[in-house]
Amino acid sequence: MKILGIETSCDECAASVVEDGKNILSNIVATQIDNHKLYNGVVPEIASRLHVEWIKSVVKEATDDSGIDLGSIDGIAVTNRPGLVGSLLVGLSFAKGLALSLNKPYVGVDHIMAHLYAPYLENNIEYPYLGVLVSGGHTIISHVTEFNNMEVLGTTIDDACGEAFDKVAKFYELGYPGGIAIDRLSVEGDSEAFNFPNPSLHKGDHKYDVSYSGLKTAVINQLDQFRNGESEKTKANIAASFQRVAVNILMQRVKRALKDTGLTRVVAGGGVVANSLLRKELLSLKNIEAIIPSMSLCTDNAAMVAGIGYHYLEQGVISDYSLNASSRVPAFRKKYP
């Protein structure tokens, strides 16, 4: 089965053709970074308008690169949640119209589940495993038993990890995208220059949860956090110290969850998994098989959408034309989605 994937949940306009949930025949991503750089963040109105302008050509390029005729695809998978509603609606509406005109089945895909599926495109992975989703909008630690079934163990109680990176970068004018700017700048800094706080969440239902609001605030108001010594109050030192603590917050919960569940495999996905320190820490876990996607599959892309969409369509799961876009997912603590 050859599935066309469409992804427009935020500021990346993407389309991909994937065969049998594994073989990537094409993967096109039209990025809007330059269009949002002036604002140091994504402007929803601009994002949705650009999706309208680009989506037809992006889909055409994806099908052309795949070497197959558009009419030869077996189905369409499209992200319908969570994300910016205006952006989601562009991709969802286009997918519906295309499916109707081609008389092909289509299925709406959850963006979070698609990110966790991304490593499958490059690896053979067995269930169960500890799933770690780290992106601009979500931070989730979960026990995954099927491609579409996971038990949420922990999530953020305030800011997501990627959100904290972006806000710190914006405050210090480090550049956009913020996560990439901090990662690059941190190489030049002393990660021990600032003693930023690591929140202690270890009781009851919150022992796997993360919190980044306090860290973000401390970094922005960093004067009292500086360690006296040879280090200087430079942006590079701030970036390195912040990144060290931000990654450590997550890794503490990951290690705790691995120990408590007895799982020996961790699979990570999401844009923040492109962070060099986080990748290093995940791959250095002792006696744990850590599987992370290549850099191009960490950020938003349509290959992960087409990949997981194949499994839904192969099982006969088809969305009807009443499916709507949703900016959020229902409040969850146990089963997801």
# chains A, B, ... in the order shown; residues from 1 in each chain; ligands from 1
>>> residues_around(residues="A:Ser296", least_positions_apart="4", cutoff="12 Å", atoms="only C-alpha atoms", output="compact mmCIF listing (two decimals) with N, CA and C atoms, in the first residue's frame")
# COMPACT_ATOMS: atom_id res chain seq x y z
N ASN A 27 9.65 12.63 0.51
CA ASN A 27 9.40 13.32 1.77
C ASN A 27 9.73 14.80 1.58
N ILE A 28 8.72 15.60 1.28
CA ILE A 28 8.90 17.01 0.98
C ILE A 28 8.44 17.86 2.16
N VAL A 29 9.29 18.78 2.58
CA VAL A 29 8.95 19.70 3.66
C VAL A 29 9.26 21.12 3.20
N HIS A 115 4.66 11.35 15.67
CA HIS A 115 6.04 11.60 16.08
C HIS A 115 6.67 10.36 16.71
N ALA A 118 7.78 7.91 14.03
CA ALA A 118 8.88 8.28 13.14
C ALA A 118 10.07 7.32 13.20
N PRO A 119 10.51 6.86 14.38
CA PRO A 119 11.66 5.95 14.41
C PRO A 119 11.40 4.63 13.69
N LEU A 121 10.24 4.24 10.82
CA LEU A 121 10.57 4.38 9.41
C LEU A 121 12.00 3.96 9.12
N GLU A 122 12.83 3.93 10.15
CA GLU A 122 14.24 3.60 9.97
C GLU A 122 14.70 2.39 10.78
N GLY A 269 10.81 10.71 20.04
CA GLY A 269 10.44 11.45 18.84
C GLY A 269 10.07 12.87 19.18
N GLY A 270 10.00 13.72 18.15
CA GLY A 270 9.66 15.12 18.36
C GLY A 270 10.84 16.02 18.05
N GLY A 271 10.56 17.29 17.80
CA GLY A 271 11.59 18.22 17.37
C GLY A 271 12.74 18.39 18.33
N VAL A 272 12.46 18.33 19.65
CA VAL A 272 13.52 18.54 20.64
C VAL A 272 14.50 17.36 20.68
N VAL A 273 14.10 16.22 20.13
CA VAL A 273 15.00 15.07 20.09
C VAL A 273 16.16 15.33 19.13
N ALA A 274 16.08 16.40 18.36
CA ALA A 274 17.21 16.81 17.52
C ALA A 274 18.30 17.48 18.36
N ILE A 292 16.27 6.56 18.34
CA ILE A 292 15.86 7.92 18.02
C ILE A 292 15.92 8.10 16.50
N ASP A 300 8.75 18.24 12.26
CA ASP A 300 7.49 17.91 11.59
C ASP A 300 7.73 17.49 10.15
N ASN A 301 7.13 16.37 9.79
CA ASN A 301 7.25 15.85 8.43
C ASN A 301 6.03 14.99 8.13
N ALA A 302 5.81 14.69 6.86
CA ALA A 302 4.63 13.92 6.48
C ALA A 302 4.91 12.43 6.35
N ALA A 303 6.19 12.04 6.35
CA ALA A 303 6.51 10.61 6.26
C ALA A 303 5.98 9.87 7.48
N MET A 304 6.11 10.47 8.65
CA MET A 304 5.62 9.83 9.87
C MET A 304 4.09 9.74 9.85
>>> select_by_dssp(residues="stretch 103-321 of chain A", states="strand (DSSP E or B)", output="PyMOL selection string")
chain A and resi 106-110+129-134+139-146+149-156+194+210+226+265-269+289-291
>>> write_last_selection(atoms="N, CA and C atoms", output="compact mmCIF listing (two decimals), in the first residue's frame")
# COMPACT_ATOMS: atom_id res chain seq x y z
N TYR A 106 -9.37 7.91 3.38
CA TYR A 106 -8.43 8.77 4.09
C TYR A 106 -8.64 8.59 5.58
N VAL A 107 -7.61 8.95 6.36
CA VAL A 107 -7.70 8.81 7.81
C VAL A 107 -6.99 9.98 8.48
N GLY A 108 -7.63 10.50 9.52
CA GLY A 108 -7.01 11.55 10.32
C GLY A 108 -6.02 10.94 11.31
N VAL A 109 -4.90 11.60 11.48
CA VAL A 109 -3.81 11.07 12.30
C VAL A 109 -3.47 12.05 13.42
N ASP A 110 -3.22 11.52 14.59
CA ASP A 110 -2.79 12.32 15.73
C ASP A 110 -1.31 12.65 15.60
N TYR A 129 7.62 -0.51 24.85
CA TYR A 129 8.78 0.34 25.10
C TYR A 129 8.33 1.62 25.82
N LEU A 130 9.30 2.35 26.32
CA LEU A 130 9.02 3.64 26.93
C LEU A 130 9.09 4.69 25.82
N GLY A 131 7.97 5.33 25.56
CA GLY A 131 7.92 6.36 24.53
C GLY A 131 8.17 7.73 25.13
N VAL A 132 9.05 8.49 24.50
CA VAL A 132 9.38 9.83 24.98
C VAL A 132 9.14 10.82 23.84
N LEU A 133 8.12 11.64 23.97
CA LEU A 133 7.77 12.63 22.97
C LEU A 133 8.14 14.01 23.51
N VAL A 134 9.06 14.69 22.80
CA VAL A 134 9.53 16.01 23.26
C VAL A 134 9.47 16.98 22.09
N THR A 139 5.40 17.43 26.03
CA THR A 139 6.44 16.61 26.64
C THR A 139 5.73 15.45 27.32
N ILE A 140 5.91 14.25 26.80
CA ILE A 140 5.16 13.09 27.29
C ILE A 140 6.08 11.89 27.47
N ILE A 141 5.94 11.24 28.60
CA ILE A 141 6.62 9.96 28.85
C ILE A 141 5.52 8.91 28.96
N SER A 142 5.62 7.83 28.17
CA SER A 142 4.51 6.89 28.09
C SER A 142 4.99 5.44 27.96
N HIS A 143 4.08 4.54 28.27
CA HIS A 143 4.29 3.10 28.09
C HIS A 143 3.52 2.71 26.83
N VAL A 144 4.25 2.40 25.78
CA VAL A 144 3.64 2.15 24.48
C VAL A 144 3.56 0.65 24.22
N THR A 145 2.34 0.17 23.88
CA THR A 145 2.14 -1.26 23.63
C THR A 145 1.72 -1.56 22.19
N GLU A 146 1.26 -0.55 21.45
CA GLU A 146 0.89 -0.70 20.04
C GLU A 146 1.12 0.63 19.35
N ASN A 149 -1.57 2.91 20.72
CA ASN A 149 -2.00 2.72 22.10
C ASN A 149 -0.85 2.97 23.06
N MET A 150 -1.03 3.95 23.92
CA MET A 150 -0.01 4.18 24.93
C MET A 150 -0.64 4.66 26.23
N GLU A 151 -0.02 4.30 27.31
CA GLU A 151 -0.44 4.76 28.63
C GLU A 151 0.48 5.90 29.04
N VAL A 152 -0.09 7.06 29.28
CA VAL A 152 0.71 8.22 29.66
C VAL A 152 1.14 8.10 31.11
N LEU A 153 2.44 8.11 31.34
CA LEU A 153 2.99 8.05 32.69
C LEU A 153 3.26 9.44 33.24
N GLY A 154 3.75 10.31 32.38
CA GLY A 154 4.06 11.67 32.82
C GLY A 154 3.98 12.65 31.68
N THR A 155 3.71 13.89 32.00
CA THR A 155 3.64 14.95 31.00
C THR A 155 4.04 16.25 31.67
N THR A 156 3.98 17.35 30.95
CA THR A 156 4.33 18.63 31.56
C THR A 156 3.16 19.18 32.36
N PHE A 194 25.85 28.62 35.62
CA PHE A 194 24.66 29.03 36.36
C PHE A 194 24.03 27.83 37.06
N VAL A 210 7.03 16.57 34.30
CA VAL A 210 8.09 17.56 34.19
C VAL A 210 7.51 18.95 34.31
N PHE A 226 23.77 33.04 39.24
CA PHE A 226 25.13 32.96 38.74
C PHE A 226 26.08 32.42 39.81
N ARG A 265 13.72 -0.70 26.67
CA ARG A 265 13.79 -0.04 25.37
C ARG A 265 13.11 1.32 25.47
N VAL A 266 13.76 2.37 24.96
CA VAL A 266 13.16 3.69 24.93
C VAL A 266 13.18 4.20 23.50
N VAL A 267 12.05 4.73 23.06
CA VAL A 267 11.91 5.26 21.71
C VAL A 267 11.49 6.72 21.83
N ALA A 268 12.24 7.61 21.19
CA ALA A 268 11.99 9.05 21.33
C ALA A 268 11.64 9.67 20.00
N GLY A 269 10.81 10.71 20.04
CA GLY A 269 10.44 11.45 18.84
C GLY A 269 10.07 12.87 19.18
N GLU A 289 18.13 -0.11 25.28
CA GLU A 289 18.17 0.12 23.84
C GLU A 289 17.44 1.43 23.56
N ALA A 290 18.18 2.42 23.11
CA ALA A 290 17.60 3.73 22.81
C ALA A 290 17.50 3.90 21.31
N ILE A 291 16.30 4.23 20.83
CA ILE A 291 16.07 4.39 19.39
C ILE A 291 15.53 5.79 19.14
>>> residues_around(residues="stretch 35-47 of chain A", least_positions_apart="4", cutoff="8 Å", atoms="only C-alpha atoms", output="list of chain:residue names")
A:Cys10, A:Asp11, A:His51, A:Leu84, A:Gly86, A:Ser87, A:Asp166, A:Lys170, A:Gly175, A:Tyr176, A:Pro177, A:Gly178
>>> select_by_dssp(residues="stretch 66-244 of chain A", states="alpha helix (DSSP H)", output="ChimeraX atom specification")
/A:66,85-102,111-117,161-171,178-186,213-220,235-244
>>> closest_residue(among="A:Ser93, A:Thr8, A:Ser191, A:Ser241", to="A:Tyr321", atoms="only C-alpha atoms")
A:Ser93
>>> atom_distance(atom1="atom CA of A:Ala14", atom2="atom CA of A:Ile55")
7.7 Å
>>> residues_around(residues="stretch 103-105 of chain A", least_positions_apart="3", cutoff="7 Å", atoms="only C-alpha atoms", output="JSON, numbers by chain")
{"A": [74, 75, 76, 99, 100, 318]}
